[in-house]
Amino acid sequence: DTEVTQTPKHLVMGMTNKKSLKCEQHMGHRAMYWYKQKAKKPPELMFVYSYEKLSINESVPSRFSPECPNSSLLNLHLHALQPEDSALYLCASSQPLQGRGGYTFGSGTRLTVV
Amino acid sequence: GDSVTQMEGPVTLSEEAFLTINCTYTATGYPSLFWYVQYPGEGLQLLLKATKADDKGSNKGFEATYRKETTSFHLEKGSVQVSDSAVYFCAPRGGTSYGKLTFGQGTILTVHP
């Protein structure tokens, strides 16, 4: 299995809702990432987990809350989002954080906040 | 940290034309270099990579050579197809931003029949 699977593919939520994005990989990768991508822009790093521990938080607002329940799963909990949070959210995984190999990306969750 | 400068787009070509997308990077240390491609409505896919100086990465007719002396990793394809229309990102990893993948701003390529 050489894929990163993200669910759901599309999500529409109100500003008072709570929702979660899910990401799963079975490649034995020990680093997992959340990125946010706006249209026609490069992905922006949000969070990095290394060996199931939060390693990097790129000053992301607290309305985004990551969770890594085990080495294969990564969640992003969403609460009280703003319309400007509408974007494509990408999950990725790689060999350990200090490595030099590439990342494997999922196909993303397209989030719309109304 | 690492930084990347990519050729500005958008780039518009006719089918079978030659493609070059320039990429230069700034990094201390010895990064691995990657090109990622993003087709409309999809996530990022690894297109090719190179891990040491003078290595040539290749895939689907695309090529790029790791030039340490000029800190460049230019993407080339001899004959583009309509299906190559996508956004292309150059990305080093493992230089100053230890372990983090650093993306260029992306180059939008449109190929017309």
# chains A, B, ... in the order shown; residues from 1 in each chain; ligands from 1
call {"tool": "interface_residues", "arguments": {"of": "chain B", "to": "chain A", "cutoff": "12 Å", "atoms": "only C-alpha atoms", "output": "number ranges by chain"}}
result
B: 4, 6, 9-10, 29-52, 86-109
call {"tool": "residues_around", "arguments": {"residues": "stretch 18-21 of chain B", "least_positions_apart": "6", "cutoff": "8 Å", "atoms": "only C-alpha atoms", "output": "MDAnalysis selection string"}}
result
chainID B and resid 6:7 74:80 107
call {"tool": "residues_around", "arguments": {"residues": "A:Leu81", "least_positions_apart": "6", "cutoff": "9 Å", "atoms": "only C-alpha atoms", "output": "ChimeraX atom specification"}}
result
/A:13-18,63-64,113
call {"tool": "write_last_selection", "arguments": {"atoms": "N, CA, C and O atoms", "output": "PDB file, in the first residue's frame"}}
result
ATOM      1  N   MET A  13     -19.151  23.201   6.001  1.00  0.00           N
ATOM      2  CA  MET A  13     -19.516  23.346   7.405  1.00  0.00           C
ATOM      3  C   MET A  13     -19.820  24.802   7.741  1.00  0.00           C
ATOM      4  O   MET A  13     -19.252  25.727   7.142  1.00  0.00           O
ATOM      5  N   GLY A  14     -20.705  24.965   8.708  1.00  0.00           N
ATOM      6  CA  GLY A  14     -21.026  26.294   9.197  1.00  0.00           C
ATOM      7  C   GLY A  14     -19.998  26.750  10.215  1.00  0.00           C
ATOM      8  O   GLY A  14     -19.201  25.946  10.734  1.00  0.00           O
ATOM      9  N   MET A  15     -20.023  28.012  10.513  1.00  0.00           N
ATOM     10  CA  MET A  15     -19.011  28.580  11.395  1.00  0.00           C
ATOM     11  C   MET A  15     -19.155  28.110  12.847  1.00  0.00           C
ATOM     12  O   MET A  15     -18.225  28.244  13.637  1.00  0.00           O
ATOM     13  N   THR A  16     -20.306  27.524  13.198  1.00  0.00           N
ATOM     14  CA  THR A  16     -20.480  27.033  14.569  1.00  0.00           C
ATOM     15  C   THR A  16     -20.316  25.519  14.673  1.00  0.00           C
ATOM     16  O   THR A  16     -20.415  24.944  15.750  1.00  0.00           O
ATOM     17  N   ASN A  17     -20.072  24.869  13.532  1.00  0.00           N
ATOM     18  CA  ASN A  17     -19.977  23.410  13.533  1.00  0.00           C
ATOM     19  C   ASN A  17     -18.650  22.919  14.083  1.00  0.00           C
ATOM     20  O   ASN A  17     -17.653  23.655  14.148  1.00  0.00           O
ATOM     21  N   LYS A  18     -18.650  21.627  14.458  1.00  0.00           N
ATOM     22  CA  LYS A  18     -17.408  20.898  14.752  1.00  0.00           C
ATOM     23  C   LYS A  18     -17.334  19.726  13.788  1.00  0.00           C
ATOM     24  O   LYS A  18     -18.278  18.943  13.670  1.00  0.00           O
ATOM     25  N   ARG A  63      -8.446  27.038  16.571  1.00  0.00           N
ATOM     26  CA  ARG A  63      -9.662  26.433  16.030  1.00  0.00           C
ATOM     27  C   ARG A  63      -9.329  25.191  15.176  1.00  0.00           C
ATOM     28  O   ARG A  63     -10.218  24.439  14.805  1.00  0.00           O
ATOM     29  N   PHE A  64      -8.045  24.999  14.883  1.00  0.00           N
ATOM     30  CA  PHE A  64      -7.558  23.775  14.257  1.00  0.00           C
ATOM     31  C   PHE A  64      -6.815  22.971  15.327  1.00  0.00           C
ATOM     32  O   PHE A  64      -5.859  23.466  15.938  1.00  0.00           O
ATOM     33  N   VAL A 113     -16.290  26.760   4.260  1.00  0.00           N
ATOM     34  CA  VAL A 113     -16.899  27.260   5.493  1.00  0.00           C
ATOM     35  C   VAL A 113     -17.925  28.325   5.123  1.00  0.00           C
ATOM     36  O   VAL A 113     -17.586  29.305   4.439  1.00  0.00           O
TER      37      VAL A 113
END
call {"tool": "atom_distance", "arguments": {"atom1": "atom CA of A:Ile56", "atom2": "atom CA of A:Gln25"}}
result
19.6 Å
call {"tool": "closest_residue", "arguments": {"among": "B:Ser85, B:Thr71, B:Thr65, B:Thr24", "to": "B:Val111", "atoms": "only C-alpha atoms"}}
result
B:Ser85
call {"tool": "residues_around", "arguments": {"residues": "A:Leu111", "least_positions_apart": "5", "cutoff": "10 Å", "atoms": "only C-alpha atoms", "output": "list in words"}}
result
Pro8, Lys9, His10, Leu11, Val12, Met13, Leu21, Pro83, Asp85, Ser86, Ala87, Leu88 and Tyr89 of chain A
call {"tool": "select_by_dssp", "arguments": {"residues": "chain B", "states": "strand (DSSP E or B)", "output": "ChimeraX atom specification"}}
result
/B:3-6,11-14,19-21,23-26,32-38,44-50,56-59,62-65,67,72,75-77,86-93,101,107-112
call {"tool": "atom_distance", "arguments": {"atom1": "atom CA of A:Lys22", "atom2": "atom CA of A:Thr2"}}
result
17.1 Å
call {"tool": "closest_residue", "arguments": {"among": "A:Ser62, A:Ser72, A:Gln82, A:Asn57", "to": "A:Tyr35", "atoms": "only C-alpha atoms"}}
result
A:Asn57
call {"tool": "atom_distance", "arguments": {"atom1": "atom CA of A:His77", "atom2": "atom CA of A:Thr7"}}
result
12.6 Å
call {"tool": "closest_residue", "arguments": {"among": "A:Thr112, A:Ser71, A:Gln6, A:Ser55", "to": "A:Gly28", "atoms": "only C-alpha atoms"}}
result
A:Ser71
